[in-house]
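Accompanying notes for the structure given below.
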Amino acid sequence: MAELEGLEFGKSDFVLLDEVTMEQFMENLKLRFEKGRIYTYIGEVVVSVNPYRQMDIYGKDNIEAYRGRELYENPPHLYAVSDAAYKAMKRRAKDTCIVISGESGAGKTEASKYIMQYIAAITNPSQRAEVESVKNVLLKSNCVLEAFGNAKTNRNDNSSRFGKYMDINFNFNGDPTGGHINNYLLEKLLRGGSDEMLQSFHLQNDPAVYVYTKEGTSNNDRSSHKAVLSALEVIGFSKEEITSVYQILATILLLGNMQFESDGESVNIVGQEVVNHISELTATDPESVNKSLLYRTVATGGGEVIEKGHTEQDACFGRDAFAKALYERLFGWIVSRINSIIEVKDYDPVLHGKNTVIGVLDIYGFEIFDNNSFEQFCINYCNEKLQQLFIELILRQEQDEYQREGITWQHIEYFNNQIIVDLVEQAHKGIISILDEACLTVGKVTDTVCLDSMDTKLAQHPHYTSRKLSPTDKSMDFQKHFRIRHYAGDVTYSVEGFLDKNKDLLFQDFKRLMYNSANPVLKEMWPDGHLSITEVTKRPLTAATLFKNSIVALVDKLACKEPYYVRCIKPNEMKSPVLFDDARCQHQVAYLGLLENVRVRRAGFAYRQLYARFLQRYKMTCEYTWPNHLMASDREAVEAIVIQHGFQDDVAYGQTKLFVRTPRSLFTLEQERNHLIPILVTFLQKVWRGTLARARCRRMRAIYAIMGCYKRYKVKAHFWEVERRFANVRTMADYGKSLEWPTPPAALSQFHSITVMLHRRWWARQIVKNIPPSDMLEVRAKVAAMTALSGERKDWGVSRNHSSNKINPGYLCCFSAHRLFLSPVLLSQVNRFNKSTDRGLLITDKYIYKLEPKKQYKVLKKLPLDSFTGVSVTTGVDQMVALHTSSQDDVLLCLQRGELCPNQDRVGELVGAIVDHFTRSQKTASNALVLFFFSFSWLFMMSLRADIKGSQSEKVG
């Protein structure tokens with residue numbers, strides 16, 4: 001049973017209909033067509049409705065979805081039945097076949113293409129070149145066979161006028177190794193020809209000029225011609241062979257336009273030019289061509305050979321017969337040429353294993369027209385034979401399966417069409433025998449005479465009648481119509497042309513003409529032309545007999561294979577993708593025997609499945625089988641499912657399968673399964689997501705462990721590198737100052753900065769410890785000045801000795817209560833009148849003293865140290881210094897130059913001494929406070945300096 005389709009699309013298998021009636025069948029078929037579901041099952045039979053539009057259901061994703069899956073696991077599709085046939089062939093090493101049937105325009109040819117494409121897509125996974133070559137030839141052969149075997153008819157633009165049966169050979173690996181094509185030609189000449197004729201073939205580009213092509217062209221002839229030419233080259237036709245094909249086609253077209261005229265005594269060809277062209281194209285003598293068209297060579301009973309001239313009518317018949325024979329022989333040669341390429345040669349079963357076969361049959365379907373002639377008679381006979389085989393195989397399969405499984409077989413009433421087959425083909429009594437007898441009778445035998453013979457011999461047959469046998473039936477005409485009651489319905493045939501179409505009107509002269517051609521391809525097509533007129537003793541078989549023999553051989557081929565069926569239905573005559581003609585479709589359902597097929601399938605049990613597969617599908621509906629059962633066998637587990645749902649009276653247990661009688665039980669199981677699937681999916685999603693999360697967690701832990709080890713390695717490697725580079729710094733002249741530090745990993749960036757700082761401090765310690773104690777005060781002051789002024793002033797006295805003015809030690813006793821921060825510094829104080837006065841500056845730990853140098857450094861002013869908030873200096877070469885107070889009563893000073901070096905900058909000396917003494921006195925203070933206290937306001941000093949020079953007025957603290 002097909003899955004993944006809701007009831008809004010109808011029943012995906014006709015076997016599951018509530019009641020098997022034509023009304024319900026048609027209602028379900030129409031609903032699925034309107035919903036875009038063109039495929040429906042009848043068990044393992046696929047019913048296909050032509051959608052008349054492109055559908056996105058044949059891509060690579062769809063192929064993968066059906067590869068290796070069971071029929072019920074996906075919605076109905078051609079791919080499903082193709083895969084089933086392929087699996088049966090591969091698993092059981094059994095020959096299978098896919099029979100595609102339906103009327104003209106139902107989509108049979110397209111179905112065969114998709115089946116071939118699927119088989120090609122799923123085979124040869126190892127991409128072996130020889131297998132790919134075989135696949136390409138098999139696929140391209142479709143294009144060539146369509147070009148020469150299809151035609152435009154009044155019902156279909158691309159109607160198959162031949163039946164094609166292709167055997168695809170597979171090796172033990174399931175790869176295609178070759179094939180063979182049988183053709184069952186319906187019409188010996190198509191109402192269509194070559195799409196593009198070259199000037200060298202004496203043809204014109206307009207197909208309407210030629211009798212045989214003026215009604216059979218289409219708009220895509222040019223593109224189709226290119227595709228066919230490409231396919232011929234891919235298959236392996238040589239350029240000479242392709243040229244010969246075109247020459248034969250050109251000959252046929254020229255023959256169709258050939259005209260005859262009679263002067264009362266003899267018949268002549270109108271225009272000798274056409275004879276010369278045909279002679280050139282067929283590589284024969286012009287005189288021989290002319291003679292074959294106008295005369296017939298016959299042998300008398302005494303062995304004498306005479307030439308008999310044609311009448312104008314006989315000449316026309318002979319011309320048409322010759323043209324038809326040329327096309328038939330050409331088509332047959334193309335098929336045989338393809339077979340010679342794809343057939344399996346030198347295959348050794350012992351060496352290579354058993355060679356199995358999948359057959360694909362694309363055959364014309366049952367036809368009922370307003371006027372049914374010899375062609376429809378042959379077609380419908382073919383379908384009677386196939387329907388007989390279909391019923392027999394289906395019933396036989398059912399019966400065989402029931403016997404294997406030990407299930408009681410229920411007899412099924414069905415229409416046995418063997419009586420109709422016998423009506424057509426029975427020896428000495430059948431219609432074909434009567435036709436052949438009429439064709440062999442000497443004298444003037446007409447179609448009417450043949451009809452009278454049929455009426456006489458078949459008058460008592462229940463499935464045959466005519467107007468003579470049923471005088472009151474006015475739907476038939478006297479001496480014209482007969483009717484056969486086919487299984488698909490009554491068909492009335494017109495006997496007009498039956499005998500002419502059945503006879504072989506091809507004279508032996510044409511066979512000898514072609515056999516003597518200088519063209520090897522033409523010569524190969526006419527092997528029977530080697531016989532002289534006296535050596536020909538047997539009459540050729542009639543068209544009906546040849547057709548019957550080929551169909552009998554076909555049925556024999558199919559009977560020994562496991563069959564799969566595709567039944568194609570044409571939804572309307574307008575080629576509309578939305579129109580569903582109920583009456584038209586019901587008629588096709590009837591003559592395809594689809595309703596009988598459903599009844600056969602449901603006569604015993606509507607559904608059957610292996611225990612393991614049934615259990616796999618429905619085990620979640622029973623608590624004793626989910627997730628896995630503990631019973632002795634799968635059959636016991638299946639019984640537990642059936643008992644839990646109360647279906648004991650609706651099932652039967654076979655050896656390997658469970659048989660369900662009615663669809664309702666299966667629907668109940670399906671509904672229960674559909675209800676549980678979301679719950680199970682949610683549970684599985686939860687479990688799977690938990691599994692993924694745990695796996696992700698394990699991966700993350702592993703990643704972090706690896707990262708940790710790697711980080712430790714990088715740290716150790718950094719330590720090892722630092723140790724290597726700085727191992728001998730104690731003995732180096734610069735104590736490692738010139739060494740380059742290795743780049744640290746990110747984890748050691750802060751540690752690296754601290755290490756570098758420690759090395760620098762150690763390096764400084766090594767330098768400083770060699771400085772005499774007497775110079776340490778000056779060094780500290782320079783360091784303090786550098787910290788405060790580096791990068792701000794061009795020169796701050798780093799390269800010279802600081803030389804503060806010394807005061808008499810006795811004088812310093814006056815300040816013994818205070819710690820001296822700075823020895824008195826000489827400076828100039830500028831007042832608001834721009835007059836400078838020499839002054840001295842003394843800083844202790846509590847006060848700043850302004851002194852009078854000329855009066856023994858008399859104290860002029862005493863300011864508390866905690867009232868000062870900062871010091872400002874300029875960036876220039878001047879010696880301006882500003883001491884800021886909290887009362888904004890700043891002190892502006894100008895330092896004097898040293899006595900020994902008058903050009904020296906002494907701002908650094910002052911700032912360094914102040915910062916050094918202040919830092920040492922405030923050891924417990926934070927670095928931030930020190931930096932804040934000695935922040936320098938350069939912009940303020942520059943502005944202040946400009947104001948002093950501009951206004952010559954300044955506030956003096």
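Chain lettering (A, B, ...) mirrors the order of the structure tokens, residue numbering begins at 1 for each chain separately, and ligand numbering begins at 1 in order of display.
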
Extract the full set of alpha helix (DSSP H) residues from region 349-476 of chain A according to DSSP on the backbone, and format it as a ChimeraX atom specification. /A:349-352,374-405,418-425,431-440,447-457

With only C-alpha atoms as the counted atoms, please give the residues lying no more than 9 Å from region 54-64 of chain A, apart from itself and same-chain residues fewer than 4 positions off, as a VMD selection string. chain A and resid 36 68 77 79 114 118 121 to 122

Which residues are close to region 512-517 of chain A, i.e. within 8 Å by only C-alpha atoms, leaving aside same-chain residues fewer than 3 positions away? Reply as a list of chain:residue names. A:Thr282, A:Ala283, A:Thr284, A:Ser288, A:Val289, A:Ser292, A:Gln508, A:Asp509, A:Pro520, A:Leu522, A:Lys523, A:Glu524, A:Met525, A:Trp526, A:Pro527, A:Asp528, A:Gly529, A:His530, A:Leu531, A:Ser532

Excluding region 383-391 of chain A and any residue of its chain fewer than 6 positions from it, enumerate the residues within 10 Å of it, using only C-alpha atoms, and give them as a VMD selection string. chain A and resid 99 101 to 102 363 to 367 397 414 to 422 424 486 to 488 548 551 to 552 554 to 556 558 to 559 563 to 565 591 to 593 596 to 597 600

Got time to write the residues from that selection, N, CA and C atoms, as an mmCIF file, in the first residue's frame?
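So the final result, stored in selection.cif, reads:
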```
data_model
loop_
_atom_site.group_PDB
_atom_site.id
_atom_site.type_symbol
_atom_site.label_atom_id
_atom_site.label_comp_id
_atom_site.auth_asym_id
_atom_site.auth_seq_id
_atom_site.Cartn_x
_atom_site.Cartn_y
_atom_site.Cartn_z
ATOM 1 N N VAL A 99 5.036 -4.560 -19.104
ATOM 2 C CA VAL A 99 4.155 -4.430 -20.253
ATOM 3 C C VAL A 99 3.420 -3.095 -20.154
ATOM 4 N N SER A 101 0.705 -0.681 -21.956
ATOM 5 C CA SER A 101 -0.355 -0.739 -22.955
ATOM 6 C C SER A 101 -1.307 0.433 -22.763
ATOM 7 N N GLY A 102 -2.058 0.705 -23.806
ATOM 8 C CA GLY A 102 -2.996 1.816 -23.803
ATOM 9 C C GLY A 102 -3.192 2.302 -25.224
ATOM 10 N N ILE A 363 3.506 -1.330 -26.515
ATOM 11 C CA ILE A 363 2.679 -1.876 -27.580
ATOM 12 C C ILE A 363 1.424 -1.029 -27.744
ATOM 13 N N TYR A 364 0.918 -0.982 -28.963
ATOM 14 C CA TYR A 364 -0.282 -0.214 -29.240
ATOM 15 C C TYR A 364 -1.465 -0.805 -28.487
ATOM 16 N N GLY A 365 -2.360 0.061 -28.055
ATOM 17 C CA GLY A 365 -3.495 -0.380 -27.257
ATOM 18 C C GLY A 365 -4.742 -0.588 -28.092
ATOM 19 N N PHE A 366 -5.778 -1.077 -27.431
ATOM 20 C CA PHE A 366 -7.053 -1.361 -28.081
ATOM 21 C C PHE A 366 -7.602 -0.077 -28.705
ATOM 22 N N GLU A 367 -8.093 -0.163 -29.962
ATOM 23 C CA GLU A 367 -8.598 1.012 -30.671
ATOM 24 C C GLU A 367 -9.979 0.742 -31.242
ATOM 25 N N GLN A 397 -0.579 -16.247 -10.908
ATOM 26 C CA GLN A 397 0.228 -15.732 -9.811
ATOM 27 C C GLN A 397 -0.529 -15.802 -8.491
ATOM 28 N N TYR A 414 -14.375 -14.672 -14.285
ATOM 29 C CA TYR A 414 -13.818 -13.611 -15.116
ATOM 30 C C TYR A 414 -14.083 -13.947 -16.582
ATOM 31 N N PHE A 415 -13.985 -12.926 -17.434
ATOM 32 C CA PHE A 415 -14.245 -13.117 -18.860
ATOM 33 C C PHE A 415 -13.020 -13.745 -19.508
ATOM 34 N N ASN A 416 -13.207 -14.922 -20.042
ATOM 35 C CA ASN A 416 -12.122 -15.642 -20.711
ATOM 36 C C ASN A 416 -12.187 -15.316 -22.202
ATOM 37 N N ASN A 417 -11.212 -14.558 -22.661
ATOM 38 C CA ASN A 417 -11.262 -14.121 -24.060
ATOM 39 C C ASN A 417 -10.557 -15.093 -25.011
ATOM 40 N N GLN A 418 -10.328 -16.300 -24.560
ATOM 41 C CA GLN A 418 -9.727 -17.295 -25.447
ATOM 42 C C GLN A 418 -10.612 -17.551 -26.661
ATOM 43 N N ILE A 419 -11.939 -17.434 -26.463
ATOM 44 C CA ILE A 419 -12.861 -17.674 -27.565
ATOM 45 C C ILE A 419 -12.693 -16.616 -28.662
ATOM 46 N N ILE A 420 -12.353 -15.373 -28.260
ATOM 47 C CA ILE A 420 -12.138 -14.311 -29.242
ATOM 48 C C ILE A 420 -10.805 -14.514 -29.953
ATOM 49 N N VAL A 421 -9.774 -14.915 -29.189
ATOM 50 C CA VAL A 421 -8.472 -15.188 -29.796
ATOM 51 C C VAL A 421 -8.596 -16.294 -30.842
ATOM 52 N N ASP A 422 -9.356 -17.345 -30.507
ATOM 53 C CA ASP A 422 -9.556 -18.430 -31.472
ATOM 54 C C ASP A 422 -10.321 -17.942 -32.698
ATOM 55 N N VAL A 424 -10.035 -15.239 -34.190
ATOM 56 C CA VAL A 424 -9.117 -14.525 -35.086
ATOM 57 C C VAL A 424 -8.041 -15.448 -35.635
ATOM 58 N N HIS A 486 -15.503 -7.945 -28.787
ATOM 59 C CA HIS A 486 -14.266 -8.050 -28.004
ATOM 60 C C HIS A 486 -14.575 -7.959 -26.511
ATOM 61 N N TYR A 487 -13.601 -8.335 -25.706
ATOM 62 C CA TYR A 487 -13.801 -8.228 -24.246
ATOM 63 C C TYR A 487 -13.982 -6.780 -23.831
ATOM 64 N N ALA A 488 -13.447 -5.859 -24.664
ATOM 65 C CA ALA A 488 -13.546 -4.445 -24.330
ATOM 66 C C ALA A 488 -14.778 -3.791 -24.928
ATOM 67 N N LYS A 548 0.518 -12.202 -36.896
ATOM 68 C CA LYS A 548 0.107 -13.212 -35.916
ATOM 69 C C LYS A 548 1.308 -13.980 -35.376
ATOM 70 N N ILE A 551 3.200 -11.857 -32.888
ATOM 71 C CA ILE A 551 2.497 -11.678 -31.617
ATOM 72 C C ILE A 551 2.535 -12.967 -30.792
ATOM 73 N N VAL A 552 2.392 -14.098 -31.445
ATOM 74 C CA VAL A 552 2.494 -15.381 -30.729
ATOM 75 C C VAL A 552 3.875 -15.531 -30.107
ATOM 76 N N LEU A 554 5.831 -13.097 -29.281
ATOM 77 C CA LEU A 554 5.903 -12.117 -28.197
ATOM 78 C C LEU A 554 5.254 -12.662 -26.933
ATOM 79 N N VAL A 555 4.063 -13.241 -27.077
ATOM 80 C CA VAL A 555 3.356 -13.783 -25.915
ATOM 81 C C VAL A 555 4.174 -14.903 -25.281
ATOM 82 N N ASP A 556 4.800 -15.717 -26.101
ATOM 83 C CA ASP A 556 5.649 -16.784 -25.554
ATOM 84 C C ASP A 556 6.805 -16.198 -24.746
ATOM 85 N N LEU A 558 6.807 -13.298 -23.169
ATOM 86 C CA LEU A 558 6.292 -12.713 -21.935
ATOM 87 C C LEU A 558 5.858 -13.779 -20.932
ATOM 88 N N ALA A 559 5.353 -14.895 -21.442
ATOM 89 C CA ALA A 559 4.805 -15.924 -20.561
ATOM 90 C C ALA A 559 5.864 -16.537 -19.654
ATOM 91 N N PRO A 563 5.666 -10.831 -14.850
ATOM 92 C CA PRO A 563 5.205 -9.587 -15.490
ATOM 93 C C PRO A 563 4.873 -8.481 -14.496
ATOM 94 N N TYR A 564 5.101 -7.255 -14.952
ATOM 95 C CA TYR A 564 4.643 -6.037 -14.277
ATOM 96 C C TYR A 564 3.949 -5.194 -15.346
ATOM 97 N N TYR A 565 2.900 -4.497 -14.949
ATOM 98 C CA TYR A 565 2.054 -3.844 -15.942
ATOM 99 C C TYR A 565 1.927 -2.350 -15.682
ATOM 100 N N TYR A 591 -11.975 -1.599 -21.640
ATOM 101 C CA TYR A 591 -11.235 -2.478 -22.540
ATOM 102 C C TYR A 591 -9.838 -2.806 -22.048
ATOM 103 N N LEU A 592 -9.330 -2.075 -21.037
ATOM 104 C CA LEU A 592 -8.069 -2.480 -20.407
ATOM 105 C C LEU A 592 -8.287 -3.529 -19.319
ATOM 106 N N GLY A 593 -9.566 -3.790 -19.001
ATOM 107 C CA GLY A 593 -9.873 -4.815 -18.007
ATOM 108 C C GLY A 593 -9.430 -4.463 -16.603
ATOM 109 N N GLU A 596 -11.806 -5.777 -13.752
ATOM 110 C CA GLU A 596 -11.609 -7.210 -13.541
ATOM 111 C C GLU A 596 -10.312 -7.472 -12.775
ATOM 112 N N ASN A 597 -9.306 -6.656 -13.080
ATOM 113 C CA ASN A 597 -8.028 -6.789 -12.380
ATOM 114 C C ASN A 597 -8.199 -6.548 -10.885
ATOM 115 N N VAL A 600 -10.030 -9.508 -9.365
ATOM 116 C CA VAL A 600 -9.130 -10.647 -9.212
ATOM 117 C C VAL A 600 -8.242 -10.462 -7.995
#
```

What does the distance from CA of Gly430 (chain A) to CA of Thr465 (chain A) come to in Å, to one decimal?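 Separation between CA of Gly430 (chain A) and CA of Thr465 (chain A): 13.7 Å.
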
Might you pull out every residue within 10 Å of region 721-724 of chain A, with only C-alpha atoms counted and same-chain residues fewer than 6 positions away left off, and present them as a short mmCIF file (atom, residue, chain, number, x, y, z; two decimals) with all heavy atoms, in the first residue's frame?
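Contents of result.cif, as written:
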```cif
data_model
loop_
_atom_site.label_atom_id
_atom_site.label_comp_id
_atom_site.auth_asym_id
_atom_site.auth_seq_id
_atom_site.Cartn_x
_atom_site.Cartn_y
_atom_site.Cartn_z
N VAL A 715 52.80 27.71 26.93
CA VAL A 715 53.37 28.44 28.09
C VAL A 715 54.75 27.90 28.42
O VAL A 715 55.72 28.67 28.61
CB VAL A 715 52.42 28.31 29.30
CG1 VAL A 715 53.12 28.79 30.58
CG2 VAL A 715 51.15 29.12 29.06
N GLU A 740 66.08 40.41 22.28
CA GLU A 740 64.66 40.53 21.87
C GLU A 740 63.83 39.50 22.61
O GLU A 740 64.16 38.33 22.66
CB GLU A 740 64.52 40.31 20.37
CG GLU A 740 63.09 40.45 19.88
CD GLU A 740 62.97 40.22 18.38
OE1 GLU A 740 64.03 39.98 17.76
OE2 GLU A 740 61.84 40.25 17.86
N TRP A 741 62.74 39.97 23.18
CA TRP A 741 61.85 39.07 23.92
C TRP A 741 60.99 38.27 22.94
O TRP A 741 60.51 38.81 21.96
CB TRP A 741 60.94 39.87 24.86
CG TRP A 741 61.66 40.39 26.07
CD1 TRP A 741 62.43 41.49 26.14
CD2 TRP A 741 61.65 39.79 27.36
NE1 TRP A 741 62.93 41.66 27.42
CE2 TRP A 741 62.46 40.62 28.20
CE3 TRP A 741 61.06 38.66 27.91
CZ2 TRP A 741 62.68 40.33 29.54
CZ3 TRP A 741 61.28 38.39 29.26
CH2 TRP A 741 62.09 39.21 30.06
N PRO A 742 60.81 36.96 23.18
CA PRO A 742 59.92 36.17 22.30
C PRO A 742 58.46 36.60 22.48
O PRO A 742 58.07 37.07 23.55
CB PRO A 742 60.14 34.73 22.78
CG PRO A 742 60.57 34.87 24.21
CD PRO A 742 61.38 36.14 24.28
N THR A 743 57.69 36.44 21.40
CA THR A 743 56.27 36.80 21.46
C THR A 743 55.53 35.81 22.35
O THR A 743 55.57 34.60 22.12
CB THR A 743 55.64 36.78 20.06
OG1 THR A 743 56.37 37.69 19.23
CG2 THR A 743 54.18 37.20 20.11
N PRO A 744 54.87 36.29 23.37
CA PRO A 744 54.20 35.37 24.32
C PRO A 744 52.86 34.91 23.77
O PRO A 744 52.24 35.58 22.94
CB PRO A 744 54.01 36.25 25.56
CG PRO A 744 53.81 37.61 25.01
CD PRO A 744 54.67 37.70 23.77
#
```

Just how far from CA of Glu241 (chain A) is CA of Lys511 (chain A), in Å to one decimal? 20.0 Å

Could you go through region 655-779 of chain A and tell me which residues DSSP, when run on the backbone, assigns to strand (DSSP E), listing them as a PyMOL selection string? chain A and resi 657-660

Take the residues from that selection and put them in a file with N, CA and C atoms, as an mmCIF file, in the first residue's frame.
```cif
data_model
loop_
_atom_site.group_PDB
_atom_site.id
_atom_site.type_symbol
_atom_site.label_atom_id
_atom_site.label_comp_id
_atom_site.auth_asym_id
_atom_site.auth_seq_id
_atom_site.Cartn_x
_atom_site.Cartn_y
_atom_site.Cartn_z
ATOM 1 N N LYS A 657 3.541 -15.089 4.805
ATOM 2 C CA LYS A 657 2.827 -13.830 4.655
ATOM 3 C C LYS A 657 1.546 -13.812 5.463
ATOM 4 N N LEU A 658 1.125 -12.595 5.780
ATOM 5 C CA LEU A 658 -0.191 -12.365 6.366
ATOM 6 C C LEU A 658 -1.117 -11.880 5.253
ATOM 7 N N PHE A 659 -2.314 -12.447 5.171
ATOM 8 C CA PHE A 659 -3.299 -12.065 4.166
ATOM 9 C C PHE A 659 -4.462 -11.362 4.860
ATOM 10 N N VAL A 660 -4.772 -10.131 4.407
ATOM 11 C CA VAL A 660 -5.870 -9.348 4.966
ATOM 12 C C VAL A 660 -6.987 -9.312 3.928
#
```

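Look at Tyr624 (chain A): the protein and nucleic acid residues within 12 Å of it, using only C-alpha atoms and passing over chain neighbours fewer than 2 places away, are Leu615, Tyr618, Lys619, Met620, Thr621, Cys622, Trp626, Pro627, Asn628, His629, Leu630, Met631, Asp634, Glu636, Ala637, Val638, Glu639, Ala640, Ile641, Val642, Ile643 and Gln644 of chain A.
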
Same residues, N, CA and C atoms, saved as an mmCIF file, in the first residue's frame:
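Contents of again_16.cif, as written:
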```cif
data_model
loop_
_atom_site.group_PDB
_atom_site.id
_atom_site.type_symbol
_atom_site.label_atom_id
_atom_site.label_comp_id
_atom_site.auth_asym_id
_atom_site.auth_seq_id
_atom_site.Cartn_x
_atom_site.Cartn_y
_atom_site.Cartn_z
ATOM 1 N N LEU A 615 5.311 -6.527 10.271
ATOM 2 C CA LEU A 615 5.708 -6.204 11.638
ATOM 3 C C LEU A 615 6.492 -4.897 11.679
ATOM 4 N N TYR A 618 3.846 -2.005 11.310
ATOM 5 C CA TYR A 618 2.752 -1.790 12.268
ATOM 6 C C TYR A 618 3.105 -2.177 13.705
ATOM 7 N N LYS A 619 4.352 -2.461 14.001
ATOM 8 C CA LYS A 619 4.689 -2.911 15.354
ATOM 9 C C LYS A 619 4.482 -1.827 16.403
ATOM 10 N N MET A 620 4.475 -0.569 15.998
ATOM 11 C CA MET A 620 4.265 0.489 16.985
ATOM 12 C C MET A 620 2.823 0.561 17.472
ATOM 13 N N THR A 621 1.897 -0.168 16.817
ATOM 14 C CA THR A 621 0.494 -0.118 17.217
ATOM 15 C C THR A 621 0.169 -1.124 18.312
ATOM 16 N N CYS A 622 1.147 -1.915 18.746
ATOM 17 C CA CYS A 622 0.915 -2.950 19.766
ATOM 18 C C CYS A 622 1.978 -2.851 20.848
ATOM 19 N N TRP A 626 6.394 -3.386 20.437
ATOM 20 C CA TRP A 626 7.156 -2.132 20.343
ATOM 21 C C TRP A 626 8.076 -1.967 21.544
ATOM 22 N N PRO A 627 9.326 -1.635 21.348
ATOM 23 C CA PRO A 627 9.972 -1.431 20.043
ATOM 24 C C PRO A 627 10.425 -2.749 19.390
ATOM 25 N N ASN A 628 10.625 -3.801 20.224
ATOM 26 C CA ASN A 628 11.006 -5.096 19.685
ATOM 27 C C ASN A 628 10.279 -6.168 20.489
ATOM 28 N N HIS A 629 9.869 -7.211 19.796
ATOM 29 C CA HIS A 629 9.109 -8.255 20.484
ATOM 30 C C HIS A 629 10.056 -9.323 21.013
ATOM 31 N N LEU A 630 9.554 -10.084 22.003
ATOM 32 C CA LEU A 630 10.331 -11.155 22.625
ATOM 33 C C LEU A 630 9.705 -12.515 22.323
ATOM 34 N N MET A 631 8.935 -12.592 21.245
ATOM 35 C CA MET A 631 8.247 -13.828 20.908
ATOM 36 C C MET A 631 9.147 -14.732 20.069
ATOM 37 N N ASP A 634 8.348 -13.937 14.084
ATOM 38 C CA ASP A 634 7.635 -12.752 13.625
ATOM 39 C C ASP A 634 6.151 -13.035 13.428
ATOM 40 N N GLU A 636 4.193 -14.878 15.298
ATOM 41 C CA GLU A 636 3.515 -14.718 16.587
ATOM 42 C C GLU A 636 3.359 -13.239 16.939
ATOM 43 N N ALA A 637 4.375 -12.456 16.599
ATOM 44 C CA ALA A 637 4.284 -11.024 16.860
ATOM 45 C C ALA A 637 3.181 -10.389 16.017
ATOM 46 N N VAL A 638 3.058 -10.814 14.752
ATOM 47 C CA VAL A 638 1.992 -10.306 13.891
ATOM 48 C C VAL A 638 0.624 -10.720 14.433
ATOM 49 N N GLU A 639 0.514 -11.940 14.925
ATOM 50 C CA GLU A 639 -0.740 -12.387 15.523
ATOM 51 C C GLU A 639 -1.113 -11.520 16.720
ATOM 52 N N ALA A 640 -0.125 -11.118 17.507
ATOM 53 C CA ALA A 640 -0.398 -10.244 18.653
ATOM 54 C C ALA A 640 -0.974 -8.909 18.196
ATOM 55 N N ILE A 641 -0.435 -8.353 17.081
ATOM 56 C CA ILE A 641 -0.962 -7.093 16.545
ATOM 57 C C ILE A 641 -2.407 -7.277 16.081
ATOM 58 N N VAL A 642 -2.667 -8.374 15.365
ATOM 59 C CA VAL A 642 -4.009 -8.621 14.834
ATOM 60 C C VAL A 642 -5.009 -8.807 15.974
ATOM 61 N N ILE A 643 -4.633 -9.570 16.993
ATOM 62 C CA ILE A 643 -5.536 -9.817 18.124
ATOM 63 C C ILE A 643 -5.823 -8.522 18.874
ATOM 64 N N GLN A 644 -4.808 -7.700 19.083
ATOM 65 C CA GLN A 644 -5.027 -6.447 19.814
ATOM 66 C C GLN A 644 -6.039 -5.557 19.111
#
```

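Of note, CA of Leu326 (chain A) and CA of Leu281 (chain A) are spaced 12.7 Å apart.
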
Using only C-alpha atoms, can you tell me which of A:Leu910, A:Ala553, A:Leu546, A:Ala325 comes closest to Trp796 (chain A)?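 Counting only C-alpha atoms, the residue closest to Trp796 (chain A) is A:Leu910.
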
Can you pull out the residues contacting region 178-184 of chain A? Cut-off 6 Å, using only C-alpha atoms, and skip same-chain residues under 4 positions away; I want them as a list in words.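 Non-adjacent residues within range: Val134, Phe162, Gly163, Lys164, Tyr165, Met166, Asp167, Ile168, Asn169, Asn339, Ile342, Glu343 and Val344 of chain A.
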